[in-house]
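Printed here is start-v2.cif (mmCIF, C-alpha atoms):
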```
data_final
loop_
_atom_site.label_atom_id
_atom_site.label_comp_id
_atom_site.auth_asym_id
_atom_site.auth_seq_id
_atom_site.Cartn_x
_atom_site.Cartn_y
_atom_site.Cartn_z
CA MET U 1 50.77 40.50 -5.58
CA LYS U 2 47.86 38.17 -4.95
CA THR U 3 44.70 40.27 -5.48
CA ILE U 4 43.47 42.94 -7.89
CA LEU U 5 43.13 45.25 -4.91
CA GLU U 6 46.82 44.77 -4.02
CA LEU U 7 47.73 45.64 -7.62
CA PHE U 8 45.66 48.81 -7.46
CA GLU U 9 46.73 49.87 -3.95
CA THR U 10 50.39 49.46 -4.94
CA ALA U 11 49.87 51.56 -8.07
CA VAL U 12 48.12 54.30 -6.07
CA LEU U 13 50.94 54.28 -3.52
CA ASN U 14 53.70 54.43 -6.15
CA TYR U 15 52.03 56.69 -8.73
CA PRO U 16 49.32 58.72 -6.94
CA ASP U 17 49.45 61.69 -9.32
CA ASN U 18 49.91 59.77 -12.56
CA ILE U 19 46.86 59.70 -14.80
CA TYR U 20 45.17 56.29 -14.79
CA LEU U 21 42.08 57.02 -16.92
CA TRP U 22 41.56 59.27 -19.94
CA GLU U 23 38.03 59.94 -21.18
CA LYS U 24 36.74 62.37 -23.77
CA LYS U 25 34.37 64.85 -22.16
CA GLY U 26 33.27 68.17 -23.62
CA GLY U 27 35.29 67.70 -26.79
CA LYS U 28 38.68 66.82 -25.26
CA PHE U 29 40.35 64.00 -23.36
CA GLU U 30 40.57 64.65 -19.63
CA GLY U 31 42.63 62.63 -17.17
CA THR U 32 41.77 61.12 -13.78
CA THR U 33 44.70 60.32 -11.47
CA TYR U 34 45.23 57.06 -9.61
CA LYS U 35 44.54 58.85 -6.29
CA GLU U 36 41.25 60.33 -7.56
CA THR U 37 40.19 57.00 -9.12
CA ARG U 38 40.71 55.30 -5.75
CA ARG U 39 38.65 57.95 -3.96
CA GLN U 40 35.73 57.34 -6.32
CA VAL U 41 36.11 53.56 -6.02
CA LEU U 42 36.03 53.65 -2.20
CA ASN U 43 32.97 55.92 -2.20
CA LEU U 44 31.14 53.63 -4.60
CA ALA U 45 32.08 50.55 -2.55
CA ALA U 46 30.70 52.15 0.64
CA GLY U 47 27.48 53.03 -1.18
CA LEU U 48 27.14 49.42 -2.35
CA VAL U 49 27.70 48.00 1.13
CA GLU U 50 25.06 50.35 2.50
CA ILE U 51 22.39 49.07 0.07
CA GLY U 52 23.03 45.49 1.23
CA PHE U 53 25.74 44.31 -1.18
CA LYS U 54 27.72 41.71 0.77
CA LYS U 55 30.86 39.62 0.37
CA GLY U 56 30.35 37.09 -2.43
CA ASP U 57 27.35 38.88 -3.95
CA ARG U 58 27.35 39.33 -7.70
CA ALA U 59 26.68 42.51 -9.65
CA ALA U 60 26.46 42.66 -13.45
CA LEU U 61 27.95 45.43 -15.58
CA VAL U 62 26.52 46.33 -19.00
CA ALA U 63 28.31 49.43 -20.30
CA ASP U 64 30.73 50.64 -22.94
CA GLY U 65 34.38 50.98 -21.93
CA ARG U 66 34.80 54.25 -19.98
CA ASN U 67 36.03 55.52 -16.61
CA ASP U 68 32.86 54.43 -14.84
CA TRP U 69 33.29 50.87 -16.14
CA ILE U 70 36.53 50.28 -14.24
CA ILE U 71 35.37 52.35 -11.24
CA SER U 72 32.20 50.20 -11.07
CA GLU U 73 34.18 46.97 -11.23
CA LEU U 74 36.70 48.06 -8.61
CA GLY U 75 33.85 49.38 -6.44
CA MET U 76 32.20 45.94 -6.52
CA LEU U 77 35.51 44.26 -5.64
CA TYR U 78 36.26 46.67 -2.79
CA ALA U 79 32.79 45.91 -1.41
CA GLY U 80 33.77 42.22 -1.37
CA GLY U 81 31.61 41.35 -4.37
CA ILE U 82 32.00 39.77 -7.79
CA ASN U 83 31.62 41.52 -11.12
CA VAL U 84 29.72 39.79 -13.93
CA PRO U 85 30.87 41.84 -16.93
CA LEU U 86 28.54 41.42 -19.92
CA SER U 87 29.11 42.21 -23.58
CA ILE U 88 27.22 45.22 -24.91
CA ARG U 89 26.56 43.18 -28.09
CA LEU U 90 24.29 40.69 -26.33
CA GLU U 91 20.57 40.50 -27.11
CA THR U 92 18.07 40.81 -24.26
CA ASN U 93 17.45 37.04 -24.00
CA GLU U 94 21.22 36.43 -23.81
CA ILE U 95 21.61 39.04 -21.06
CA ALA U 96 18.67 37.52 -19.17
CA PHE U 97 20.22 34.04 -19.26
CA ARG U 98 23.53 35.29 -17.84
CA LEU U 99 21.90 37.42 -15.15
CA LYS U 100 19.76 34.51 -13.95
CA HIS U 101 22.58 31.98 -14.18
CA SER U 102 25.02 34.18 -12.23
CA GLY U 103 22.45 35.14 -9.59
CA SER U 104 23.31 38.83 -9.99
CA LYS U 105 21.65 41.01 -7.32
CA ILE U 106 22.51 44.39 -8.82
CA ILE U 107 22.93 45.55 -12.43
CA PHE U 108 25.06 48.54 -13.42
CA VAL U 109 23.98 49.84 -16.82
CA SER U 110 24.85 52.83 -19.02
CA LYS U 111 22.23 54.80 -20.96
CA LEU U 112 22.75 53.11 -24.35
CA HIS U 113 21.89 49.71 -22.86
CA ALA U 114 19.36 50.68 -20.17
CA GLN U 115 16.36 49.85 -22.37
CA LYS U 116 17.49 46.21 -22.72
CA ILE U 117 17.61 45.86 -18.94
CA GLU U 118 14.21 47.54 -18.47
CA GLU U 119 12.66 45.02 -20.90
CA ILE U 120 13.79 41.96 -18.91
CA ARG U 121 13.65 43.17 -15.31
CA GLY U 122 10.37 41.37 -14.69
CA GLU U 123 12.00 38.00 -15.48
CA LEU U 124 14.86 38.41 -13.00
CA PRO U 125 13.83 37.39 -9.47
CA ASP U 126 17.36 37.77 -8.05
CA VAL U 127 17.84 41.36 -9.20
CA GLU U 128 17.14 43.77 -6.35
CA LYS U 129 18.47 47.07 -7.74
CA VAL U 130 19.48 48.62 -11.04
CA VAL U 131 22.19 51.29 -10.92
CA PHE U 132 21.92 53.73 -13.83
CA ILE U 133 25.43 54.98 -14.60
CA ASP U 134 24.11 57.98 -16.52
CA GLY U 135 21.14 58.52 -14.20
CA LYS U 136 17.45 57.91 -14.83
CA GLU U 137 14.62 60.40 -14.89
CA ASN U 138 11.88 59.58 -12.38
CA PRO U 139 13.67 56.58 -10.80
CA GLY U 140 11.48 53.91 -9.18
CA LYS U 141 12.11 52.47 -5.72
CA ASN U 142 14.59 49.87 -7.01
CA ASP U 143 16.38 52.28 -9.34
CA ILE U 144 19.55 54.02 -8.17
CA ASN U 145 21.40 56.85 -9.85
CA TYR U 146 25.13 56.11 -9.90
CA SER U 147 26.05 59.64 -8.79
CA ASP U 148 23.67 59.37 -5.81
CA LEU U 149 25.25 56.06 -4.77
CA MET U 150 28.69 57.63 -5.03
CA ASN U 151 27.69 60.73 -3.02
CA HIS U 152 25.99 58.63 -0.36
CA GLY U 153 29.13 56.47 -0.06
CA LYS U 154 31.27 59.60 0.28
CA LYS U 155 29.20 60.78 3.28
CA LEU U 156 29.38 57.34 4.88
CA ARG U 157 33.16 57.19 4.49
CA GLU U 158 33.56 60.67 5.93
CA SER U 159 31.81 59.60 9.12
CA ASN U 160 33.20 56.06 9.50
CA PRO U 161 35.76 54.83 6.94
CA ASP U 162 36.97 51.89 9.06
CA VAL U 163 33.71 49.96 8.61
CA TYR U 164 34.32 49.81 4.85
CA ASP U 165 38.11 49.51 4.88
CA ILE U 166 37.94 46.31 6.92
CA ILE U 167 35.97 44.68 4.07
CA TRP U 168 38.50 45.23 1.30
CA LYS U 169 41.47 44.57 3.55
CA ASN U 170 40.08 41.06 4.11
CA ILE U 171 39.80 40.07 0.44
CA GLN U 172 41.70 36.82 -0.10
CA PRO U 173 43.58 35.63 -3.24
CA ASN U 174 41.09 32.81 -3.91
CA ASP U 175 38.02 35.04 -3.56
CA MET U 176 36.09 35.34 -6.79
CA ALA U 177 36.57 38.53 -8.80
CA ASN U 178 34.65 37.87 -12.04
CA ILE U 179 32.25 35.48 -13.64
CA SER U 180 33.16 35.78 -17.30
CA TYR U 181 30.78 34.18 -19.80
CA THR U 182 31.68 32.23 -22.92
CA SER U 183 29.87 33.23 -26.10
CA GLY U 184 27.47 30.27 -26.01
CA THR U 185 27.96 29.42 -29.68
CA THR U 186 27.55 25.64 -29.31
CA ALA U 187 25.44 25.38 -26.12
CA ASP U 188 24.34 27.54 -23.21
CA PRO U 189 27.16 29.90 -22.22
CA LYS U 190 29.45 28.80 -19.39
CA GLY U 191 30.27 31.13 -16.53
CA ILE U 192 34.03 31.04 -16.03
CA ILE U 193 34.99 31.83 -12.43
CA LEU U 194 38.11 33.99 -12.19
CA SER U 195 39.66 34.66 -8.80
CA HIS U 196 41.68 37.65 -7.69
CA LEU U 197 44.78 35.46 -7.87
CA ASN U 198 43.98 34.43 -11.48
CA TYR U 199 44.13 38.07 -12.52
CA ALA U 200 47.00 39.15 -10.26
CA ALA U 201 49.26 36.27 -11.35
CA ASN U 202 48.54 36.90 -15.04
CA VAL U 203 49.24 40.62 -14.65
CA VAL U 204 52.55 40.06 -12.90
CA GLN U 205 53.57 37.41 -15.47
CA ALA U 206 52.55 39.63 -18.39
CA ASN U 207 54.72 42.40 -16.98
CA GLY U 208 57.66 40.00 -17.08
CA LEU U 209 57.27 39.97 -20.87
CA LEU U 210 56.20 43.52 -21.52
CA ASP U 211 58.14 46.36 -19.97
CA ILE U 212 55.57 49.13 -19.63
CA ASP U 213 56.80 52.57 -18.66
CA PRO U 214 54.67 54.65 -16.23
CA SER U 215 54.55 57.45 -18.83
CA TRP U 216 52.86 55.24 -21.45
CA LYS U 217 49.28 55.56 -22.68
CA THR U 218 47.07 53.08 -24.47
CA LEU U 219 43.69 53.40 -26.16
CA ALA U 220 41.55 50.48 -24.98
CA ILE U 221 39.70 49.31 -28.10
CA LEU U 222 39.11 45.73 -26.93
CA PRO U 223 35.77 44.80 -25.32
CA TRP U 224 36.32 45.61 -21.66
CA ASP U 225 34.23 42.66 -20.49
CA HIS U 226 36.74 40.16 -21.96
CA ALA U 227 39.30 38.60 -19.64
CA PHE U 228 42.11 39.46 -22.10
CA ALA U 229 41.25 43.17 -22.20
CA HIS U 230 41.08 43.10 -18.41
CA THR U 231 44.44 41.48 -17.98
CA GLY U 232 46.47 42.63 -20.97
CA CYS U 233 45.25 46.20 -20.87
CA LEU U 234 43.29 47.58 -17.89
CA TYR U 235 45.28 45.87 -15.13
CA VAL U 236 48.71 45.44 -16.74
CA PHE U 237 48.85 49.20 -17.34
CA MET U 238 47.50 49.88 -13.87
CA TYR U 239 50.21 47.76 -12.25
CA LYS U 240 52.88 50.00 -13.78
CA GLY U 241 51.19 53.36 -13.16
CA ALA U 242 50.56 53.87 -16.87
CA SER U 243 47.32 55.22 -18.35
CA ILE U 244 44.32 53.97 -20.31
CA ALA U 245 42.13 56.03 -22.61
CA SER U 246 38.64 54.86 -23.52
CA VAL U 247 37.14 55.24 -26.98
CA GLU U 248 34.73 58.16 -27.29
CA ILE U 249 31.23 56.68 -27.06
CA GLY U 250 28.90 57.51 -29.93
CA ASN U 251 25.12 57.27 -30.10
CA SER U 252 25.39 53.81 -31.68
CA PRO U 253 27.99 51.01 -31.75
CA LEU U 254 28.92 52.00 -35.32
CA GLU U 255 29.47 55.62 -34.31
CA THR U 256 31.75 54.49 -31.46
CA LEU U 257 33.72 52.35 -33.91
CA LYS U 258 34.17 55.31 -36.24
CA ASN U 259 35.66 57.34 -33.37
CA ILE U 260 38.66 54.99 -33.02
CA PRO U 261 40.91 56.47 -35.79
CA LYS U 262 40.19 60.01 -34.54
CA ASN U 263 40.86 59.01 -30.93
CA ILE U 264 44.18 57.35 -31.86
CA LYS U 265 45.34 60.70 -33.27
CA GLU U 266 44.19 62.54 -30.13
CA VAL U 267 45.55 60.11 -27.52
CA LYS U 268 48.77 59.13 -29.39
CA PRO U 269 49.01 55.72 -27.63
CA HIS U 270 52.48 54.23 -27.13
CA ILE U 271 51.11 50.70 -27.57
CA MET U 272 47.74 49.12 -28.34
CA MET U 273 46.20 45.71 -27.66
CA SER U 274 44.21 44.12 -30.49
#
```
In structure tokens, what does this structure look like?
Amino acid sequence: MKTILELFETAVLNYPDNIYLWEKKGGKFEGTTYKETRRQVLNLAAGLVEIGFKKGDRAALVADGRNDWIISELGMLYAGGINVPLSIRLETNEIAFRLKHSGSKIIFVSKLHAQKIEEIRGELPDVEKVVFIDGKENPGKNDINYSDLMNHGKKLRESNPDVYDIIWKNIQPNDMANISYTSGTTADPKGIILSHLNYAANVVQANGLLDIDPSWKTLAILPWDHAFAHTGCLYVFMYKGASIASVEIGNSPLETLKNIPKNIKEVKPHIMMS
């Protein structure tokens, strides 16, 4: 296993009907299978390619942990791009620095953090489009609703899937997957470049120490933008066909935090990362 895409494709092949993602919608946790997750990822990737997102381009992701977080990241990777995952705790000036420094062309943002992005858009010459995960009323010409991008990609794939499949099938182990930023406590933050192979090797090694059963569930309480949460949770569980539940998102960070004990009772995770 040398790329994140190989990890995911293998999981989909071996465990197509296992649940990969659990998210609380309409008062209860609902599951999305590996097969269905892949379908959404491929549609999103095709939509991204169609709006000019090319191999090596960077897209930033500012959202709470949820299904659309991992689908967005995998969509970027399947389109040949690089995800720049940003902490939801960052202030606007900190987000602006990282977006400029990484040269991100596209920003994916969820509704709780959309206002921060709107405030700094004028300072970001490299940013061409903003994708609103929860949609935006009266979108401007450079605003894209996530569901529209997904639906457009679905139509494109229905008519000509080979155009898009050739892109992800050519991803190499040393291609960049993430630019992960340090906190910037002592100086300007550093952008740490992580390749597909960095992640894939760590996931395979971690599985040598931790024997995860495909029937297991976890509740992902770590910040999803961190490399550890990525490796030790999102992708290690994926590799074994196990499932990940996201914390129910509240109307504020504190409200989300308060949902954790309740969600633990609902999900009944076999193991948790802290």
task: For the file shown, report as a ChimeraX atom specification the outcome of the PyMOL selection byres ((chain U and resi 50) around 10) at residue level.
output: /U:44-49,51-54,79,149,152-153,156,164
message: Restricting the calculation to only C-alpha atoms: of U:Asn263, U:Thr186, U:Ser72, U:Gln115, which residue gets closest to Leu219 (chain U)?
response: U:Asn263
- request: List the residues matched by the PyMOL selection byres ((chain U and resi 86) around 6) in the displayed structure as a ChimeraX atom specification, ordered by chain and then by residue number.
  value: /U:61-62,85,87,225
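Shortest separation to Arg38 (chain U) among U:Phe97, U:Lys154, U:Val109, U:Asp134 occurs at residue U:Lys154, atoms counted being only C-alpha atoms.
Using all atoms listed in the file, the nearest neighbour of Asn14 (chain U) within the list U:Ala242, U:Ile120, U:Leu42, U:Ala59 is U:Ala242.
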message: Given the PyMOL selection byres ((chain U and resi 130) around 10) and the file above, list the residues it selects as number ranges by chain.
response: U: 59-60, 105-109, 114, 117-118, 121, 127-129, 131-133, 139-146
- request: Please identify all polymer residues within 12 Å of Gly27 (chain U), counting all atoms listed in the file, omitting same-chain residues fewer than 4 positions from it, and present them as a list in words.
  value: Glu23, Glu248, Ile249, Lys262, Asn263 and Glu266 of chain U
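Picture a line from CA of Gly241 (chain U) to CA of Gln205 (chain U); it runs 16.3 Å.
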message: As an exercise, work out the distance from CA of Met273 (chain U) to CA of Leu234 (chain U) in Å and give it to one decimal place.
response: 10.4 Å
Pick out the residues sitting within 12 Å of Lys169 (chain U), and hand them over as a PDB file with C-alpha atoms, keeping the file's coordinate frame; count all atoms listed in the file, and ignore anything fewer than 4 positions along from it in its own chain.
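Saved to out-v5.pdb:
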```
ATOM      1  CA  THR U   3      44.700  40.270  -5.480  1.00  0.00           C
ATOM      2  CA  ILE U   4      43.470  42.940  -7.890  1.00  0.00           C
ATOM      3  CA  LEU U   5      43.130  45.250  -4.910  1.00  0.00           C
ATOM      4  CA  GLU U   6      46.820  44.770  -4.020  1.00  0.00           C
ATOM      5  CA  GLU U   9      46.730  49.870  -3.950  1.00  0.00           C
ATOM      6  CA  LEU U  77      35.510  44.260  -5.640  1.00  0.00           C
ATOM      7  CA  TYR U  78      36.260  46.670  -2.790  1.00  0.00           C
ATOM      8  CA  ALA U  79      32.790  45.910  -1.410  1.00  0.00           C
ATOM      9  CA  GLY U  80      33.770  42.220  -1.370  1.00  0.00           C
ATOM     10  CA  ASP U 162      36.970  51.890   9.060  1.00  0.00           C
ATOM     11  CA  VAL U 163      33.710  49.960   8.610  1.00  0.00           C
ATOM     12  CA  TYR U 164      34.320  49.810   4.850  1.00  0.00           C
ATOM     13  CA  ASP U 165      38.110  49.510   4.880  1.00  0.00           C
ATOM     14  CA  PRO U 173      43.580  35.630  -3.240  1.00  0.00           C
TER      15      PRO U 173
END
```
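The two atoms in question, CA of Ser180 (chain U) and CA of Gly31 (chain U), are spaced 28.5 Å apart.
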For Ile271 (chain U): contacts at 10 Å, only C-alpha atoms, fewer than 6 positions along chain excluded, given as a ChimeraX atom specification: /U:212,216-220,233
